[in-house]
Amino acid sequence: MNRRDFLKTTVIAGTAFALPGTSSLFIKTLEAAEKSDIVAAHGLSPAVITKAAIDGLGGIKSFISRGDIVVVKPNIGWDRLPAYAATTNPEVVSAVITLCYEAGAKQVKVFDHSVVDPRRCYKQSGISDAAAAAGGIVSYIDDRKFREVKLAGVALKSWPLYTEAIEADKFINIPIAKTHGLSTLTLGMKNLMGIMGSSRGRIHQSINGSLVDLAMAVKPALIILDAVRILTANGPQGGDLADVRQLNTVIAGRDQVAVDAFGATLFGLKGTNLGYVVAGHKAGLGTMDIARLKIKKINV
Amino acid sequence: MIKKIRIATQGLFLLTFLWLFLQTESKGADELGYPVKIFLDADPLIFITTILSSHAWYNTFFLAILVIAVTIIMGRVFCGWVCPLGTLNNIVGTLKKRRPPRTPLNWHWLKYCLLIFLITMSLFSLQFTGVFDPISLLIRSLSLSVYPSISYATRAVFDMFYNLNIPVLGSISEFIYTLFKKLWLPFQQPFFLQSVFLGLLFFIILGLNLLEKRFWCKYLCPLGALLGLLSRYSFLTRQASEGCNSCGACTFDCQGNASPDKKENWHNTECLVCMNCDDLCPQNAVRFGFLKKTQSAASPVASIDLGKRRVLGMILSGLVAVPLVRITGINKQAGASEPKLIRPPGSLDEKQFLTRCVKCGECMKVCITNGLQPTFLEAGIEGVWSPVLIPRIGYCEYRCTLCGQVCPTGAIKKLDLQEKEKIKIGLAMIDKGRCLPYAHSTPCIVCQEVCPTPKKAIWLEKAKVMKRNGSELNLNQPHVDLELCIGCGLCESKCPILGQPAIYVTSIGETRSRENQLLL
């Protein structure tokens with residue numbers, strides 16, 4: 001039984017026990033059976049579409065259990081205001097945190113290894129305030145908390161990773177969709193670099209293999225790709241509003257490769273255009289063949 | 001009683017000073033939110049010499065003028081009741097054994113000599129006051145040396161407990177550490193060049209208190225000298241009544257060695273208005289008050305007699321010093337300035353910059369990346385301890401304007417964000433001999449990735465290179481767009497070629513200079 005099947009049955013069984021009345025049980029079972037692989041929710045409120053996208057996957061309770069310590073990892077890499085689409089939308093982040101607590105999470109931690117000054121990144125991105133307001137435990141990266149982790153990888157043999165991220169019960173990756181000079185786009189897998197320590201610049205010499213190695217080690221329970229605004233040029237840092245496009249979309253999925261492959265379509269590209277998606281597909285991390293997946297599009 | 005009030009006042013000012021010092025740090029917002037440079041604003045010596053040297057008025061002068069007015073009315077109350085360095089000297093002085101075995105040095109003249117020297121130089125546009133000014137000196141020493149050392153030691157202790165990993169003790173220590181980080185530890189451990197040297201100078205100054213209490217204040221402080229001159233005819237005077245039997249009890253506790261036992265011949269200009277003599281007098285014969293000046297004209301108030309030779313000597317020294325420090329070869333380089341002398345954004349043109357910078361270290365304290373460091377001789381002796389950006393230590397944060405906000409004299413202009421984003425502090429150039437995609441057929445785009453300008457100043461050229469085994473590789477080679485590059489040094493600080501990066505910034509192209517330009 002693989003992870004996905006396990007989750008499916010758990011949810012079905014869970015609802016069967018939890019819900020009185022056969023009709024609702026029947027509906028729930030049906031919904032669960034038809035559960036999509038990727039949900040793209042479209043609408044004006046980032047918080048509402050975030051919830052809708054997660055609900056489309058079966059609801060937050062299919063990812064978060066009571067008492068979980070959850071790490072929510074947005075992109076807080078740059079000192080930019082939310083409108084510039086260089087950092088994850090703060091409303092998306094706070095919506096996810098709220099949902100996690102509703103599902104009974106014990107703690108929801110929020111952090112990122114910012115590229116430029118973390119104080120400015122946390123503050124100016126609006127994420128620090130929004131996450132804290134939703135009850136998230138926001139912290140700056142503490143250099144003492146990196147631990148050398150063995151990666152059975154092709155590009156990376158071992159790398160210092162952030163202990164709070166690898167020791168969490170559940171890891172939720174909340175990237176924003178942007179362009180990038182080397183990897184063409186930065187989506188979900190690239191966002192995982194935010195838990196890496198040491199001199200991360202070296203990663204770029206073999207970015208595709210490194211990202212797959214990293215994604216294999218981290219295995220997020222859930223990926224929420226923020227495409228409320230996307231950055232179409234001069235990424236990943238941006239700075240020009242003319243490069244920003246408002247898509248009012250949030251994409252949710254479990255498969256890291258599939259989410260990134262779907263994310264590529266936002267930019268008119270395919271998964272095959274992204275080296276790390278191809279590498280991830282080959283390595284068995286996930287599938288980039290999104291034509292075969294159940295993709296649900298919702299308008300809220 | 002008066003002593004208690006005085007100590008409380010001193011403590012209050014010292015705490016305010018230290019608190020503002022701690023607030024001279026980014027919290028992530030664009031503004032600091034506190035008037036952190038208020039003590040520098042209130043410093044009349046910086047005020048007067050900056051006006052003399054830069055021939056320009058600057059806008060935050062109310063407090064300095066207030067201090068001047070108060071000194072004219074009440075004497076050196078600033079020294080005795082307000083000055084944070086004076087208070088620190090007081091504190092260290094308590095470690096000295098009482099009853100000095102020998103007579104005091106009475107080198108009061110020394111500080112006046114220094115003052116004349118500094119003012120003469122500033123008249124001829126050489127601003128050297130910051131090196132000796134007590135507020136500047138204190139902020140510089142705390143910022144670049146004392147505070148970083150205390151932080152380092154504190155962190156080392158907590159790191160030790162963290163690494164020991166003892167269950168309960170560990171969490172207690174982490175709790176305290178978190179609290180300390182919120183209250184007074186810096187966000188990140190600061191590192192500064194010359195920290196040892198600057199720290200030693202500061203501790204020597206404090207240590208002199210063991211030789212003689214308030215040694216600095218009595219004999220060296222040029223601000224004390226200036227306030228001494230201003231207090232020459234102050235309205236608040238000290239009166240020793242008939243009851244005084246010249247027992248000399250007051251002399252030991254006189255903070256300024258102002259000869260309080262000499263009744264009318266008490267040295268007005270050396271009195272720090274600490275009023276210890278009033279408190280101590282066994283006869284209760286001493287009073288401070290706005291009284292009529294007894295025999296003020298008749299018997300001249302005992303004052304410092306420098307002697308014509310010293311005055312003249314110091315004026316001449318000041319005159320000689322100006323050309324002497326200006327003939328350094330640094331001022332005759334091709335172009336206008338030292339390539340590694342990258343000044344903070346908003347800095348005035350080098351000449352004007354030097355007429356204003358008082359080396360207080362506020363900009364270095366507040367610099368969000370720790371990149372602003374004190375110069376040694378890169379800008380000549382004239383510019384010693386002025387700020388220079390060293391991108392390998394820290395780059396200039398694109399949307400940060402804090403250095404201009406805290407500069408007390410306008411040597412670094414206060415910029416708004418739009419202005420800041422346009423200002424070039426230098427230009428980046430690529431060392432193709434070290435750069436991975438050029439020299440080593442290895443992909444890397446870190447400089448382009450981090451480049452913060454909205455349209456990236458680093459652009460990538462698709463290139464086909466050959467590997468050793470003969471296979472071809474497609475990769476991107478970076479180029480700098482000199483029109484767009486602002487010289488912030490983020491690329492240099494993140495370049496994976498550590499130590500000697502393959503992209504680096506020099507001052508050429510800096511907006512502030514007319515001469516130091518590259519593009520037509």
# chains A, B, ... in the order shown; residues from 1 in each chain; ligands from 1
>>> interface_residues(of="chain B", to="chain A", cutoff="7 Å", atoms="only C-alpha atoms", output="ChimeraX atom specification")
/B:27-29,369,442-446,449-450,452-456,496
>>> write_last_selection(atoms="N, CA and C atoms", output="PDB file, in the first residue's frame")
ATOM      1  N   LYS B  27      14.459  46.532  12.169  1.00  0.00           N
ATOM      2  CA  LYS B  27      13.486  45.511  12.560  1.00  0.00           C
ATOM      3  C   LYS B  27      12.753  45.002  11.320  1.00  0.00           C
ATOM      4  N   GLY B  28      13.223  45.436  10.170  1.00  0.00           N
ATOM      5  CA  GLY B  28      12.610  44.991   8.926  1.00  0.00           C
ATOM      6  C   GLY B  28      11.795  46.070   8.234  1.00  0.00           C
ATOM      7  N   ALA B  29      11.418  47.116   8.999  1.00  0.00           N
ATOM      8  CA  ALA B  29      10.659  48.203   8.398  1.00  0.00           C
ATOM      9  C   ALA B  29      11.628  49.183   7.735  1.00  0.00           C
ATOM     10  N   THR B 369      23.564  44.682   6.764  1.00  0.00           N
ATOM     11  CA  THR B 369      24.333  43.497   6.376  1.00  0.00           C
ATOM     12  C   THR B 369      25.696  43.445   7.035  1.00  0.00           C
ATOM     13  N   THR B 442      31.395  25.435 -16.219  1.00  0.00           N
ATOM     14  CA  THR B 442      30.466  24.937 -15.210  1.00  0.00           C
ATOM     15  C   THR B 442      29.315  25.936 -15.079  1.00  0.00           C
ATOM     16  N   PRO B 443      28.071  25.449 -15.083  1.00  0.00           N
ATOM     17  CA  PRO B 443      26.941  26.376 -14.985  1.00  0.00           C
ATOM     18  C   PRO B 443      26.884  27.074 -13.632  1.00  0.00           C
ATOM     19  N   CYS B 444      26.536  28.334 -13.663  1.00  0.00           N
ATOM     20  CA  CYS B 444      26.326  29.105 -12.438  1.00  0.00           C
ATOM     21  C   CYS B 444      25.702  30.419 -12.848  1.00  0.00           C
ATOM     22  N   ILE B 445      24.682  30.851 -12.121  1.00  0.00           N
ATOM     23  CA  ILE B 445      24.032  32.119 -12.473  1.00  0.00           C
ATOM     24  C   ILE B 445      23.721  32.907 -11.215  1.00  0.00           C
ATOM     25  N   VAL B 446      24.447  32.613 -10.126  1.00  0.00           N
ATOM     26  CA  VAL B 446      24.068  33.188  -8.839  1.00  0.00           C
ATOM     27  C   VAL B 446      24.036  34.713  -8.881  1.00  0.00           C
ATOM     28  N   GLU B 449      20.911  35.767 -10.522  1.00  0.00           N
ATOM     29  CA  GLU B 449      19.746  35.423  -9.708  1.00  0.00           C
ATOM     30  C   GLU B 449      19.504  36.470  -8.630  1.00  0.00           C
ATOM     31  N   VAL B 450      20.581  36.885  -7.964  1.00  0.00           N
ATOM     32  CA  VAL B 450      20.396  37.770  -6.813  1.00  0.00           C
ATOM     33  C   VAL B 450      20.327  39.247  -7.186  1.00  0.00           C
ATOM     34  N   PRO B 452      19.431  42.735  -7.691  1.00  0.00           N
ATOM     35  CA  PRO B 452      18.161  43.254  -7.176  1.00  0.00           C
ATOM     36  C   PRO B 452      17.482  44.321  -8.016  1.00  0.00           C
ATOM     37  N   THR B 453      18.124  44.821  -9.070  1.00  0.00           N
ATOM     38  CA  THR B 453      17.457  45.882  -9.819  1.00  0.00           C
ATOM     39  C   THR B 453      16.267  45.287 -10.575  1.00  0.00           C
ATOM     40  N   PRO B 454      15.182  46.074 -10.728  1.00  0.00           N
ATOM     41  CA  PRO B 454      13.954  45.527 -11.322  1.00  0.00           C
ATOM     42  C   PRO B 454      14.213  44.879 -12.680  1.00  0.00           C
ATOM     43  N   LYS B 455      14.938  45.586 -13.539  1.00  0.00           N
ATOM     44  CA  LYS B 455      15.448  44.911 -14.731  1.00  0.00           C
ATOM     45  C   LYS B 455      16.878  44.547 -14.373  1.00  0.00           C
ATOM     46  N   LYS B 456      17.178  43.282 -14.399  1.00  0.00           N
ATOM     47  CA  LYS B 456      18.453  42.847 -13.838  1.00  0.00           C
ATOM     48  C   LYS B 456      19.649  43.461 -14.562  1.00  0.00           C
ATOM     49  N   PRO B 496      29.761  32.225  -5.564  1.00  0.00           N
ATOM     50  CA  PRO B 496      30.262  30.983  -4.952  1.00  0.00           C
ATOM     51  C   PRO B 496      31.788  30.874  -4.961  1.00  0.00           C
TER      52      PRO B 496
END
>>> select_by_dssp(residues="region 4-173 of chain A", states="helix (DSSP H, G or I)", output="PyMOL selection string")
chain A and resi 4-18+22-33+46-56+60-62+82-84+90-102+118-124+127-133+143-145+163-166
>>> closest_residue(among="A:Leu274, A:Val228, A:Leu222, A:Val154", to="Lys190 (chain A)", atoms="only C-alpha atoms")
A:Leu274
>>> residues_around(residues="region 68-74 of chain A", least_positions_apart="6", cutoff="10 Å", atoms="only C-alpha atoms", output="VMD selection string")
chain A and resid 87 to 90 92 to 94 96 to 97 100 to 101 103 to 113 127 131 136 to 138 164 to 176 188 191 to 192 194 to 195 220 to 226
>>> write_last_selection(atoms="N, CA and C atoms", output="short mmCIF file (atom, residue, chain, number, x, y, z; two decimals), in the first residue's frame")
data_model
loop_
_atom_site.label_atom_id
_atom_site.label_comp_id
_atom_site.auth_asym_id
_atom_site.auth_seq_id
_atom_site.Cartn_x
_atom_site.Cartn_y
_atom_site.Cartn_z
N THR A 87 7.65 36.84 -3.42
CA THR A 87 7.48 36.04 -2.21
C THR A 87 6.04 35.53 -2.16
N THR A 88 5.84 34.47 -1.41
CA THR A 88 4.51 33.85 -1.37
C THR A 88 3.47 34.82 -0.82
N ASN A 89 2.30 34.75 -1.39
CA ASN A 89 1.19 35.60 -0.95
C ASN A 89 0.89 35.36 0.54
N PRO A 90 0.93 36.43 1.36
CA PRO A 90 0.74 36.24 2.80
C PRO A 90 -0.64 35.67 3.16
N VAL A 92 -2.35 33.50 1.45
CA VAL A 92 -2.30 32.06 1.20
C VAL A 92 -1.64 31.37 2.40
N VAL A 93 -0.54 31.96 2.85
CA VAL A 93 0.19 31.37 3.98
C VAL A 93 -0.70 31.32 5.21
N SER A 94 -1.35 32.44 5.52
CA SER A 94 -2.15 32.45 6.74
C SER A 94 -3.35 31.51 6.62
N VAL A 96 -3.40 28.64 5.04
CA VAL A 96 -2.92 27.28 5.28
C VAL A 96 -2.70 27.05 6.78
N ILE A 97 -2.12 28.05 7.44
CA ILE A 97 -1.87 27.91 8.88
C ILE A 97 -3.19 27.71 9.62
N CYS A 100 -4.48 24.26 9.13
CA CYS A 100 -3.72 23.27 9.90
C CYS A 100 -4.20 23.23 11.35
N TYR A 101 -4.39 24.40 11.92
CA TYR A 101 -4.87 24.43 13.31
C TYR A 101 -6.28 23.85 13.42
N ALA A 103 -7.37 21.51 11.72
CA ALA A 103 -7.23 20.04 11.64
C ALA A 103 -6.60 19.48 12.90
N GLY A 104 -6.28 20.34 13.85
CA GLY A 104 -5.77 19.86 15.13
C GLY A 104 -4.27 19.89 15.27
N ALA A 105 -3.59 20.57 14.36
CA ALA A 105 -2.14 20.65 14.47
C ALA A 105 -1.75 21.26 15.81
N LYS A 106 -0.67 20.73 16.37
CA LYS A 106 -0.22 21.24 17.66
C LYS A 106 0.53 22.55 17.49
N GLN A 107 1.44 22.53 16.52
CA GLN A 107 2.22 23.73 16.23
C GLN A 107 2.35 23.87 14.73
N VAL A 108 2.28 25.11 14.27
CA VAL A 108 2.57 25.36 12.86
C VAL A 108 3.72 26.35 12.79
N LYS A 109 4.86 25.86 12.30
CA LYS A 109 6.05 26.70 12.25
C LYS A 109 6.23 27.27 10.85
N VAL A 110 6.69 28.50 10.81
CA VAL A 110 6.90 29.16 9.52
C VAL A 110 8.30 29.76 9.49
N PHE A 111 9.06 29.43 8.48
CA PHE A 111 10.39 30.03 8.31
C PHE A 111 10.88 29.82 6.90
N ASP A 112 11.90 30.59 6.56
CA ASP A 112 12.57 30.39 5.28
C ASP A 112 13.98 30.94 5.40
N HIS A 113 14.88 30.33 4.69
CA HIS A 113 16.26 30.80 4.68
C HIS A 113 16.37 31.88 3.61
N ILE A 127 4.55 38.33 5.21
CA ILE A 127 4.31 36.96 5.67
C ILE A 127 4.45 36.86 7.19
N ALA A 131 1.34 35.48 9.11
CA ALA A 131 1.47 34.15 9.72
C ALA A 131 1.30 34.23 11.24
N GLY A 136 0.67 31.20 13.61
CA GLY A 136 1.91 30.51 13.22
C GLY A 136 3.08 30.94 14.08
N ILE A 137 4.00 30.01 14.29
CA ILE A 137 5.20 30.33 15.05
C ILE A 137 6.28 30.74 14.04
N VAL A 138 6.46 32.05 13.92
CA VAL A 138 7.38 32.56 12.91
C VAL A 138 8.76 32.71 13.52
N GLU A 164 14.45 21.69 12.04
CA GLU A 164 13.01 21.86 12.28
C GLU A 164 12.19 21.42 11.06
N ALA A 165 12.79 21.55 9.89
CA ALA A 165 12.07 21.17 8.68
C ALA A 165 12.05 19.65 8.51
N ILE A 166 13.19 19.01 8.78
CA ILE A 166 13.22 17.56 8.53
C ILE A 166 12.63 16.76 9.68
N GLU A 167 12.53 17.39 10.85
CA GLU A 167 11.97 16.66 11.99
C GLU A 167 10.47 16.89 12.18
N ALA A 168 9.89 17.76 11.36
CA ALA A 168 8.46 18.05 11.51
C ALA A 168 7.64 16.82 11.16
N ASP A 169 6.45 16.72 11.76
CA ASP A 169 5.56 15.62 11.39
C ASP A 169 5.07 15.78 9.96
N LYS A 170 4.74 17.01 9.60
CA LYS A 170 4.25 17.27 8.24
C LYS A 170 4.94 18.52 7.71
N PHE A 171 5.29 18.45 6.47
CA PHE A 171 5.93 19.58 5.81
C PHE A 171 5.04 20.04 4.66
N ILE A 172 4.63 21.29 4.71
CA ILE A 172 3.81 21.83 3.62
C ILE A 172 4.62 22.88 2.88
N ASN A 173 4.78 22.67 1.61
CA ASN A 173 5.57 23.57 0.78
C ASN A 173 4.63 24.57 0.10
N ILE A 174 4.90 25.87 0.32
CA ILE A 174 4.03 26.88 -0.30
C ILE A 174 4.86 27.83 -1.14
N PRO A 175 5.26 27.39 -2.32
CA PRO A 175 6.06 28.25 -3.18
C PRO A 175 5.20 29.25 -3.92
N ILE A 176 5.86 30.20 -4.55
CA ILE A 176 5.18 31.08 -5.50
C ILE A 176 5.80 30.81 -6.87
N GLY A 188 7.71 24.51 -6.94
CA GLY A 188 7.75 23.81 -5.66
C GLY A 188 9.11 23.25 -5.27
N ASN A 191 11.74 25.69 -4.27
CA ASN A 191 11.46 26.37 -3.00
C ASN A 191 12.05 25.61 -1.81
N LEU A 192 12.32 24.33 -2.02
CA LEU A 192 12.89 23.53 -0.92
C LEU A 192 14.30 23.98 -0.57
N GLY A 194 15.11 26.56 0.49
CA GLY A 194 15.00 27.38 1.69
C GLY A 194 15.26 26.63 2.99
N ILE A 195 15.46 25.33 2.93
CA ILE A 195 15.83 24.65 4.17
C ILE A 195 17.29 24.20 4.13
N PRO A 220 7.37 16.68 0.95
CA PRO A 220 6.27 17.45 1.54
C PRO A 220 4.97 16.65 1.49
N ALA A 221 4.15 16.82 2.52
CA ALA A 221 2.85 16.16 2.54
C ALA A 221 1.93 16.83 1.53
N LEU A 222 2.15 18.10 1.32
CA LEU A 222 1.23 18.88 0.51
C LEU A 222 2.01 20.03 -0.12
N ILE A 223 1.69 20.32 -1.37
CA ILE A 223 2.30 21.47 -2.03
C ILE A 223 1.20 22.42 -2.46
N ILE A 224 1.31 23.65 -2.02
CA ILE A 224 0.35 24.68 -2.44
C ILE A 224 1.14 25.66 -3.29
N LEU A 225 0.88 25.68 -4.57
CA LEU A 225 1.60 26.61 -5.44
C LEU A 225 0.80 27.90 -5.56
N ASP A 226 1.40 28.98 -5.06
CA ASP A 226 0.72 30.28 -5.09
C ASP A 226 0.89 30.90 -6.46
#
>>> closest_residue(among="B:Val480, B:Leu460, B:Leu436, B:Val384", to="Pro501 (chain B)", atoms="only C-alpha atoms")
B:Leu436
>>> residues_around(residues="Phe117 (chain B)", least_positions_apart="6", cutoff="9 Å", atoms="only C-alpha atoms", output="ChimeraX atom specification")
/B:311,313-319
>>> write_last_selection(atoms="N, CA and C atoms", output="PDB file, in the first residue's frame")
ATOM      1  N   VAL B 311      48.615  78.616  22.701  1.00  0.00           N
ATOM      2  CA  VAL B 311      47.525  78.958  21.781  1.00  0.00           C
ATOM      3  C   VAL B 311      48.063  79.081  20.363  1.00  0.00           C
ATOM      4  N   GLY B 313      50.856  77.998  19.202  1.00  0.00           N
ATOM      5  CA  GLY B 313      51.414  76.708  18.775  1.00  0.00           C
ATOM      6  C   GLY B 313      50.333  75.803  18.213  1.00  0.00           C
ATOM      7  N   MET B 314      49.207  75.756  18.893  1.00  0.00           N
ATOM      8  CA  MET B 314      48.142  74.866  18.437  1.00  0.00           C
ATOM      9  C   MET B 314      47.509  75.377  17.150  1.00  0.00           C
ATOM     10  N   ILE B 315      47.363  76.687  17.064  1.00  0.00           N
ATOM     11  CA  ILE B 315      46.810  77.236  15.822  1.00  0.00           C
ATOM     12  C   ILE B 315      47.740  76.891  14.658  1.00  0.00           C
ATOM     13  N   LEU B 316      49.048  77.073  14.882  1.00  0.00           N
ATOM     14  CA  LEU B 316      50.007  76.754  13.828  1.00  0.00           C
ATOM     15  C   LEU B 316      49.959  75.264  13.483  1.00  0.00           C
ATOM     16  N   SER B 317      49.882  74.428  14.517  1.00  0.00           N
ATOM     17  CA  SER B 317      49.820  72.982  14.251  1.00  0.00           C
ATOM     18  C   SER B 317      48.610  72.656  13.394  1.00  0.00           C
ATOM     19  N   GLY B 318      47.496  73.265  13.738  1.00  0.00           N
ATOM     20  CA  GLY B 318      46.284  73.030  12.961  1.00  0.00           C
ATOM     21  C   GLY B 318      46.474  73.457  11.520  1.00  0.00           C
ATOM     22  N   LEU B 319      47.131  74.600  11.349  1.00  0.00           N
ATOM     23  CA  LEU B 319      47.361  75.119   9.999  1.00  0.00           C
ATOM     24  C   LEU B 319      48.264  74.192   9.199  1.00  0.00           C
TER      25      LEU B 319
END
>>> residues_around(residues="Gly209 (chain A)", least_positions_apart="6", cutoff="8 Å", atoms="only C-alpha atoms", output="list of chain:residue names")
A:Gly153, A:Val154, A:Ala155, A:Leu156, A:Tyr276, A:Ala279
>>> residues_around(residues="Thr178 (chain B)", least_positions_apart="3", cutoff="12 Å", atoms="only C-alpha atoms", output="list in words")
Ser139, Tyr140 and Asp142 of chain A; Thr154, Arg155, Phe158, Ser171, Ile172, Ser173, Glu174, Phe175, Lys181, Lys182, Leu183, Trp184, Leu185, Pro186 and Phe187 of chain B
>>> write_last_selection(atoms="N, CA and C atoms", output="tab-separated table (two decimals), in the first residue's frame")
chain	number	residue	atom	x	y	z
A	139	SER	N	9.75	32.15	12.87
A	139	SER	CA	11.10	32.31	13.40
A	139	SER	C	12.09	32.56	12.28
A	140	TYR	N	13.17	33.24	12.64
A	140	TYR	CA	14.27	33.40	11.69
A	140	TYR	C	15.13	32.16	11.76
A	142	ASP	N	18.03	29.87	12.45
A	142	ASP	CA	19.05	29.85	13.49
A	142	ASP	C	20.17	28.93	13.00
B	154	THR	N	28.34	36.41	24.91
B	154	THR	CA	27.04	35.91	25.33
B	154	THR	C	26.60	34.73	24.47
B	155	ARG	N	26.74	34.90	23.17
B	155	ARG	CA	26.35	33.83	22.26
B	155	ARG	C	27.17	32.58	22.50
B	158	PHE	N	25.71	30.71	25.44
B	158	PHE	CA	24.45	30.03	25.13
B	158	PHE	C	24.66	28.89	24.13
B	171	SER	N	16.79	23.85	27.79
B	171	SER	CA	15.61	24.65	27.44
B	171	SER	C	15.56	25.93	28.26
B	172	ILE	N	16.07	25.87	29.49
B	172	ILE	CA	16.14	27.11	30.28
B	172	ILE	C	17.08	28.11	29.60
B	173	SER	N	18.23	27.60	29.20
B	173	SER	CA	19.20	28.50	28.58
B	173	SER	C	18.67	29.05	27.26
B	174	GLU	N	17.96	28.22	26.49
B	174	GLU	CA	17.38	28.71	25.24
B	174	GLU	C	16.31	29.76	25.49
B	175	PHE	N	15.55	29.56	26.57
B	175	PHE	CA	14.52	30.55	26.92
B	175	PHE	C	15.17	31.90	27.23
B	181	LYS	N	17.77	37.89	23.10
B	181	LYS	CA	17.75	38.31	21.70
B	181	LYS	C	16.67	39.37	21.50
B	182	LYS	N	15.56	39.21	22.18
B	182	LYS	CA	14.49	40.21	22.05
B	182	LYS	C	14.90	41.53	22.70
B	183	LEU	N	15.61	41.44	23.85
B	183	LEU	CA	15.87	42.64	24.63
B	183	LEU	C	17.10	43.42	24.16
B	184	TRP	N	18.22	42.74	24.04
B	184	TRP	CA	19.41	43.55	23.80
B	184	TRP	C	20.48	42.95	22.91
B	185	LEU	N	20.38	41.69	22.55
B	185	LEU	CA	21.41	41.16	21.66
B	185	LEU	C	21.18	41.65	20.24
B	186	PRO	N	22.26	41.83	19.47
B	186	PRO	CA	22.06	42.22	18.08
B	186	PRO	C	21.44	41.08	17.29
B	187	PHE	N	20.77	41.42	16.18
B	187	PHE	CA	20.10	40.42	15.37
B	187	PHE	C	21.09	39.37	14.87
>>> closest_residue(among="A:Gly263, A:Gly197, A:Gly56, A:Gly126", to="Lys297 (chain A)", atoms="only C-alpha atoms")
A:Gly56
>>> decode(residues="region 366-379 of chain B", atoms="N, CA and C atoms", output="short mmCIF file (atom, residue, chain, number, x, y, z; two decimals), in the first residue's frame")
data_model
loop_
_atom_site.label_atom_id
_atom_site.label_comp_id
_atom_site.auth_asym_id
_atom_site.auth_seq_id
_atom_site.Cartn_x
_atom_site.Cartn_y
_atom_site.Cartn_z
N VAL B 366 24.16 50.58 12.17
CA VAL B 366 22.82 50.31 11.67
C VAL B 366 22.84 49.47 10.40
N CYS B 367 23.99 49.39 9.74
CA CYS B 367 24.06 48.70 8.44
C CYS B 367 23.51 47.29 8.58
N ILE B 368 22.54 47.00 7.75
CA ILE B 368 21.73 45.81 7.91
C ILE B 368 22.50 44.54 7.58
N THR B 369 23.56 44.68 6.76
CA THR B 369 24.33 43.50 6.38
C THR B 369 25.70 43.45 7.04
N ASN B 370 26.01 44.47 7.85
CA ASN B 370 27.33 44.54 8.50
C ASN B 370 28.43 44.91 7.48
N GLY B 371 28.01 45.30 6.25
CA GLY B 371 28.98 45.57 5.20
C GLY B 371 29.74 46.87 5.39
N LEU B 372 29.14 47.85 6.07
CA LEU B 372 29.83 49.12 6.30
C LEU B 372 30.86 48.92 7.40
N GLN B 373 32.10 49.21 7.07
CA GLN B 373 33.22 48.98 7.97
C GLN B 373 34.01 50.27 8.13
N PRO B 374 34.77 50.40 9.23
CA PRO B 374 35.59 51.61 9.37
C PRO B 374 36.83 51.53 8.46
N THR B 375 37.13 52.63 7.78
CA THR B 375 38.36 52.67 6.99
C THR B 375 39.54 52.75 7.93
N PHE B 376 40.70 52.42 7.45
CA PHE B 376 41.91 52.75 8.20
C PHE B 376 42.59 53.90 7.46
N LEU B 377 43.36 53.61 6.43
CA LEU B 377 44.00 54.71 5.69
C LEU B 377 43.55 54.78 4.24
N GLU B 378 42.50 54.01 3.90
CA GLU B 378 42.05 53.99 2.50
C GLU B 378 41.60 55.37 2.04
N ALA B 379 41.12 56.18 2.98
CA ALA B 379 40.65 57.51 2.61
C ALA B 379 41.61 58.56 3.19
#
